[in-house]
Every structure is written in structure tokens, then in C-alpha cells.
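Here's the structure we're looking at; comments come further down.
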Amino acid sequence: MFESKIQKAWQDYRGDFGLGRIGLWVSLFEVFIFFICLLFFEAIIIEPLLPVILILFLISLEAYIHRLRNVHRFLINTLFLTCCIIFNYVFVGTFDKLAGGLTRYDLYFADLDLQILGLTSAAFFLKVTSFLGPLQSLYYDFLQLSYMTYFLFPFLGGIFYYQQLSERNKYKIGRFFASLMIFFFFNFLLYVLVPVSGPQYFLASVKELSLPLSAFGVFFNNIVLNSHPNFIDCFPSGHTGISVLVTIWMFKIKNHYRYIFLLFCVGMIQATLALKYHYLLDVLCAFPFAFICYKLAYFIVPIDIDIRRHRKWRF
């Protein structure tokens, strides 16, 4: 009986906006992590299986979900992905702690920065922007603000695409959700495979480097610095990757706000280096990674994208 529900969840990806397929892929990922923990720690750690319980619960409600209004199905997908992403991000940090601190590769990344730039990324950026004079502080504040928009990019990208779709085509948002799922979960896997803490935690010279931030910028910078459950979240840069991925979507569908997304995407990419969060290699590798995730989404939810045809604003 339940097997038929799983089969239906896989087949009817239009009716649930891809929730069933995405959920099943997430389940495979969680089970994989469970067995990795079993082999690595020789102990049963149930945390990775908790999202699977949520997924099975949602699959049991598949028929009910199909009868909901489009906006409610959109919200369920959004909430589901958000919960799974936050849970797994925190668990990556837990995995690192359980392992007694995974071996960091920061030294190689920092050395590459020195070979290419002659300085650390943050020091190089500080030097390059010094010509701005008193405006440098304003520019760094913009970069810090851009960095914080990372938390809004997936939500706003999804909302704007959903609003752009006609009522009969709302199901096409499923491919957008699939691209986010692929990006975040493979990103988390790479965090574990290539543990990197970042310049501000690994390099004393970078940690002591003073940034020209105003009180506004310092406020948000401290929020990032003091709310960190995961210290191996550098390679590849999630901020760069997600901003590039969502911006690709906005240009592919010709969304009205695509140039605003591009502005903050460029700001966020610069911020990752200028604000001591990432190495150059973290950022460079995020570009092809984001593009690959965009392409792979079609194989999870095989739906064509919906391109805006009308010039006038619809919302």
C-alpha cells in the first residue's frame, strides 16, 4: 500500500510541484549519510534519518496535498526544503565535532591565494578598493548587506518565479525547487569531503585584519561571526553558488527583477572574499557547480522552464 504511494509520489511530480521526487532524493541522501556515520563512527546516529520521517509523512499525505490550492503546495515545498536545508547544515557541523575536527585543507587554499594574488584575498581586496577613500566604508557596507541577502535569494527567486507563472503552469516551480535541493545537498557533502574553515578562522593575519565597516556593517558582520554552527562550510562557497544559481534562473525566465538579482549577486561574490569569509578557490569552483545544479534539476523534475513573454509588469 505504502509502496504505491511512493510510486505515485515519484510519477505525479506535477501535482505536488516536485515534492515527492525531491523528497525521495533527499531520503536517499539522508540514508547515505546515516551509513557514512555508521562506518565512520561505528555507532548508530539517528539524526540523519529524522528528515526521512518527515518525508514519509508527507508522502502519506500525497492525495491530500494534490487537492490543495497552488499557493499552499508552493508553501509546503518551501517549508519542507527550508527545514531539510537548515537541519543538514547544522548536522555537517555536528559531524565535524563528532569526528573530533576533520582535517582542514585551508593551508592549500590560502597558499593558492598567495600564489595568484600575492596577498590573502581580503588584503588584496582592501588594497584594490583603497582608491575609494572615504567611500570605501560605504562600499564595504554594501558588500556586507549583499552577503546577508544570501538568506533571501532562494525565497525571493522562488516567489518571483511562482508569481510569474500562470495558474495552470504553477507546477513548473518544481524544477526550481529541484535545483535548490541538488545545490544545497551536494554542497553539504563537499563540506565534509573538503573541510575548509575559511580565512578569518584559520589565518591569524586575516583574523586581525581591520575592515572599513561602519557601525551598520559591523552589526551584520558580528551576526555572521557569532552565529556559526558549522565551521567547515567554505568549499565551494554556498553564498556565491546560490546567488549565481538563482540569478541564472532569473535571467533564464526573463524575470523583471533579474538585474537587481545580478547587482546583489556581484556584491555577494565580492563580499565572500573582501569580508574574510572565503578563499579564491571557494568562489571560482562555485560558478560551474551552480551551473551544473541548474542543468541537473531537469533530470529530477523534467519540466520546461516558463519564460516571460509579455513586457508589461504582471505583479
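Letters A, B, ... go to the chains of the C-alpha cells in the order shown; residues in each chain start at 1; ligands are counted from 1 in the same order.
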
Using only C-alpha atoms, determine which residues lie at most 9 Å from range 286-292 of chain A, disregarding the query and same-chain residues fewer than 4 positions distant; provide the list as JSON, numbers by chain. {"A": [179, 183, 187, 235, 236, 237, 238, 239, 240, 241, 242, 243, 244, 245, 246, 248, 281, 282, 296, 297]}

Using C-alpha atoms, can you write the selected residues to a file as a PDB file, in the first residue's frame?
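Listing of out-v4.pdb after writing:
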```pdb
ATOM      1  CA  SER A 179      17.830  22.834  -8.437  1.00  0.00           C
ATOM      2  CA  PHE A 183      22.787  22.511  -4.872  1.00  0.00           C
ATOM      3  CA  ASN A 187      27.262  21.446  -1.245  1.00  0.00           C
ATOM      4  CA  PHE A 235      34.234  24.811  -0.219  1.00  0.00           C
ATOM      5  CA  PRO A 236      32.592  25.561  -2.504  1.00  0.00           C
ATOM      6  CA  SER A 237      31.199  28.950  -1.493  1.00  0.00           C
ATOM      7  CA  GLY A 238      27.497  28.486  -0.770  1.00  0.00           C
ATOM      8  CA  HIS A 239      26.886  32.227  -0.946  1.00  0.00           C
ATOM      9  CA  THR A 240      28.469  32.505  -4.381  1.00  0.00           C
ATOM     10  CA  GLY A 241      26.825  29.336  -5.631  1.00  0.00           C
ATOM     11  CA  ILE A 242      23.273  30.079  -4.530  1.00  0.00           C
ATOM     12  CA  SER A 243      23.419  33.689  -5.744  1.00  0.00           C
ATOM     13  CA  VAL A 244      24.698  32.532  -9.145  1.00  0.00           C
ATOM     14  CA  LEU A 245      22.140  29.711  -9.347  1.00  0.00           C
ATOM     15  CA  VAL A 246      19.146  31.923  -8.555  1.00  0.00           C
ATOM     16  CA  ILE A 248      20.746  32.132 -13.673  1.00  0.00           C
ATOM     17  CA  LEU A 281      39.216  28.760  -4.997  1.00  0.00           C
ATOM     18  CA  ASP A 282      35.978  28.503  -2.971  1.00  0.00           C
ATOM     19  CA  LEU A 296      20.728  18.537 -13.312  1.00  0.00           C
ATOM     20  CA  ALA A 297      17.382  19.779 -11.984  1.00  0.00           C
TER      21      ALA A 297
END
```

Would you list the contacts of Gly20 in chain A as a VMD selection string, taking every protein, DNA or RNA residue within 9 Å and counting only C-alpha atoms, but skipping same-chain residues closer than 6 positions in sequence? chain A and resid 6 8 to 13 55 58 to 59 62

What residues in range 26-132 of chain A get the DSSP label alpha helix (DSSP H)? Please answer as a PyMOL selection string. chain A and resi 26-41+50-60+62-66+70-98+106-117+121-128

Which one of A:Phe124, A:Tyr294, A:Tyr162, A:Trp25 sits closest to Leu75 in chain A if you count only C-alpha atoms?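 Closest residue, counting only C-alpha atoms: A:Tyr162.
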
Excluding Phe220 in chain A and its own-chain neighbours fewer than 2 positions away, which residues fall within 8 Å of it when counting only C-alpha atoms? Please give them as a list in words.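 Contacts, with the query itself left out: Gln144, Leu145, Met148, Phe216, Gly217, Val218, Asn222, Ile223 and Val224 of chain A.
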
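Among the candidates A:Phe231, A:Phe177, A:Phe251, A:Phe87, the one nearest to Gly18 in chain A when counting only C-alpha atoms is A:Phe177.
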
Coordinates-based distance that separates CA of Met250 in chain A from CA of Leu28 in chain A (Å, one decimal):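 Computing the Euclidean distance for CA of Leu28 in chain A and CA of Met250 in chain A yields 29.2 Å.
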
Give the answer as one residue: which of A:Ile85, A:Asp306, A:Lys5, A:Leu79 has the shortest atom-to-atom distance to Phe185 in chain A, using only C-alpha atoms? A:Ile85

Using only C-alpha atoms, can you tell me which of A:Tyr139, A:Phe176, A:Tyr89, A:Phe160 comes closest to Leu275 in chain A? A:Tyr139

Using only C-alpha atoms, find the one residue out of A:Asn230, A:Asn88, A:Asn70, A:Ser214 that sits nearest to Tyr201 in chain A. A:Asn230

Excluding Ile307 in chain A and any residue of its chain fewer than 2 positions from it, enumerate the residues within 9 Å of it, using only C-alpha atoms, and give them as a list in words.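 What passes the distance filter is Gln164, Leu165, Lys252, Ile253, Lys254, Asn255, Ile305 and Arg309 of chain A.
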
Might you pull out every residue within 12 Å of Tyr140 in chain A, with only C-alpha atoms counted and same-chain residues fewer than 3 positions away left off, and present them as a short mmCIF file (atom, residue, chain, number, x, y, z; two decimals) with C-alpha atoms, in the first residue's frame?
```
data_model
loop_
_atom_site.label_atom_id
_atom_site.label_comp_id
_atom_site.auth_asym_id
_atom_site.auth_seq_id
_atom_site.Cartn_x
_atom_site.Cartn_y
_atom_site.Cartn_z
CA ALA A 122 40.78 40.00 1.95
CA PHE A 125 40.55 43.43 -1.97
CA LEU A 126 41.27 46.01 0.72
CA THR A 129 39.45 49.36 -3.17
CA SER A 130 41.64 51.81 -1.24
CA LEU A 132 37.68 54.90 -2.92
CA GLY A 133 38.94 56.82 0.10
CA PRO A 134 36.10 57.75 2.47
CA LEU A 135 33.65 55.91 0.20
CA GLN A 136 35.39 52.61 0.92
CA SER A 137 33.42 52.22 4.14
CA LEU A 143 29.11 44.21 0.39
CA GLN A 144 28.09 43.18 3.91
CA LEU A 145 24.44 43.87 3.06
CA SER A 146 24.79 41.88 -0.17
CA TYR A 147 26.26 39.00 1.81
CA SER A 210 40.57 45.50 10.15
CA LEU A 211 37.75 46.06 7.66
CA PRO A 212 36.45 49.58 6.85
CA LEU A 213 32.89 48.89 8.01
CA SER A 214 30.59 51.44 9.61
CA ALA A 215 28.51 50.58 12.69
CA PHE A 216 25.86 49.30 10.26
CA GLY A 217 28.29 46.89 8.61
CA VAL A 218 29.87 45.82 11.90
CA PHE A 220 25.74 42.42 10.48
CA ASN A 221 29.34 41.22 10.42
CA GLY A 267 28.09 42.19 -4.45
CA MET A 268 27.80 38.87 -2.65
CA GLN A 270 32.92 40.21 -3.81
CA ALA A 271 31.80 40.08 -0.17
CA THR A 272 32.86 36.46 0.26
CA LEU A 273 36.45 37.49 -0.45
CA ALA A 274 36.55 41.04 0.89
CA LEU A 275 34.95 40.20 4.24
CA LYS A 276 37.36 37.33 5.04
#
```

Pairwise distance for CA of Leu56 in chain A and CA of Val301 in chain A, rounded to one decimal in Å: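 About the pair CA of Leu56 in chain A and CA of Val301 in chain A: they are 19.1 Å apart.
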
Which is closer to Cys83 in chain A than all the others in A:Val26, A:Phe131, A:Arg67, A:Cys285, using only C-alpha atoms?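 Of the candidates, the smallest distance to Cys83 in chain A is held by A:Val26.
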
Give me the residues within 10 Å of Ser27 in chain A as an MDAnalysis selection string, counting only C-alpha atoms and dropping any in the same chain fewer than 5 places off. chainID A and resid 21:22 32:33 48:56

Keeping only C-alpha atoms, write the selected residues as a PDB file, in the first residue's frame.
```pdb
ATOM      1  CA  ARG A  21      10.575  13.305  -6.208  1.00  0.00           C
ATOM      2  CA  ILE A  22      12.606  15.839  -4.270  1.00  0.00           C
ATOM      3  CA  PHE A  32      23.657   7.613   2.638  1.00  0.00           C
ATOM      4  CA  ILE A  33      24.801   9.989   5.397  1.00  0.00           C
ATOM      5  CA  PRO A  48      20.238  11.887   9.513  1.00  0.00           C
ATOM      6  CA  LEU A  49      17.089   9.745   9.461  1.00  0.00           C
ATOM      7  CA  LEU A  50      14.850  12.398  11.041  1.00  0.00           C
ATOM      8  CA  PRO A  51      14.138  14.191   7.718  1.00  0.00           C
ATOM      9  CA  VAL A  52      13.177  10.801   6.249  1.00  0.00           C
ATOM     10  CA  ILE A  53      10.356  10.563   8.796  1.00  0.00           C
ATOM     11  CA  LEU A  54       9.074  13.952   7.638  1.00  0.00           C
ATOM     12  CA  ILE A  55       9.305  12.862   4.004  1.00  0.00           C
ATOM     13  CA  LEU A  56       7.384   9.627   4.629  1.00  0.00           C
TER      14      LEU A  56
END
```

Please, what distance in Å, to one decimal, runs between CA of Phe41 in chain A and CA of Phe109 in chain A?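 So the answer is 27.7 Å.
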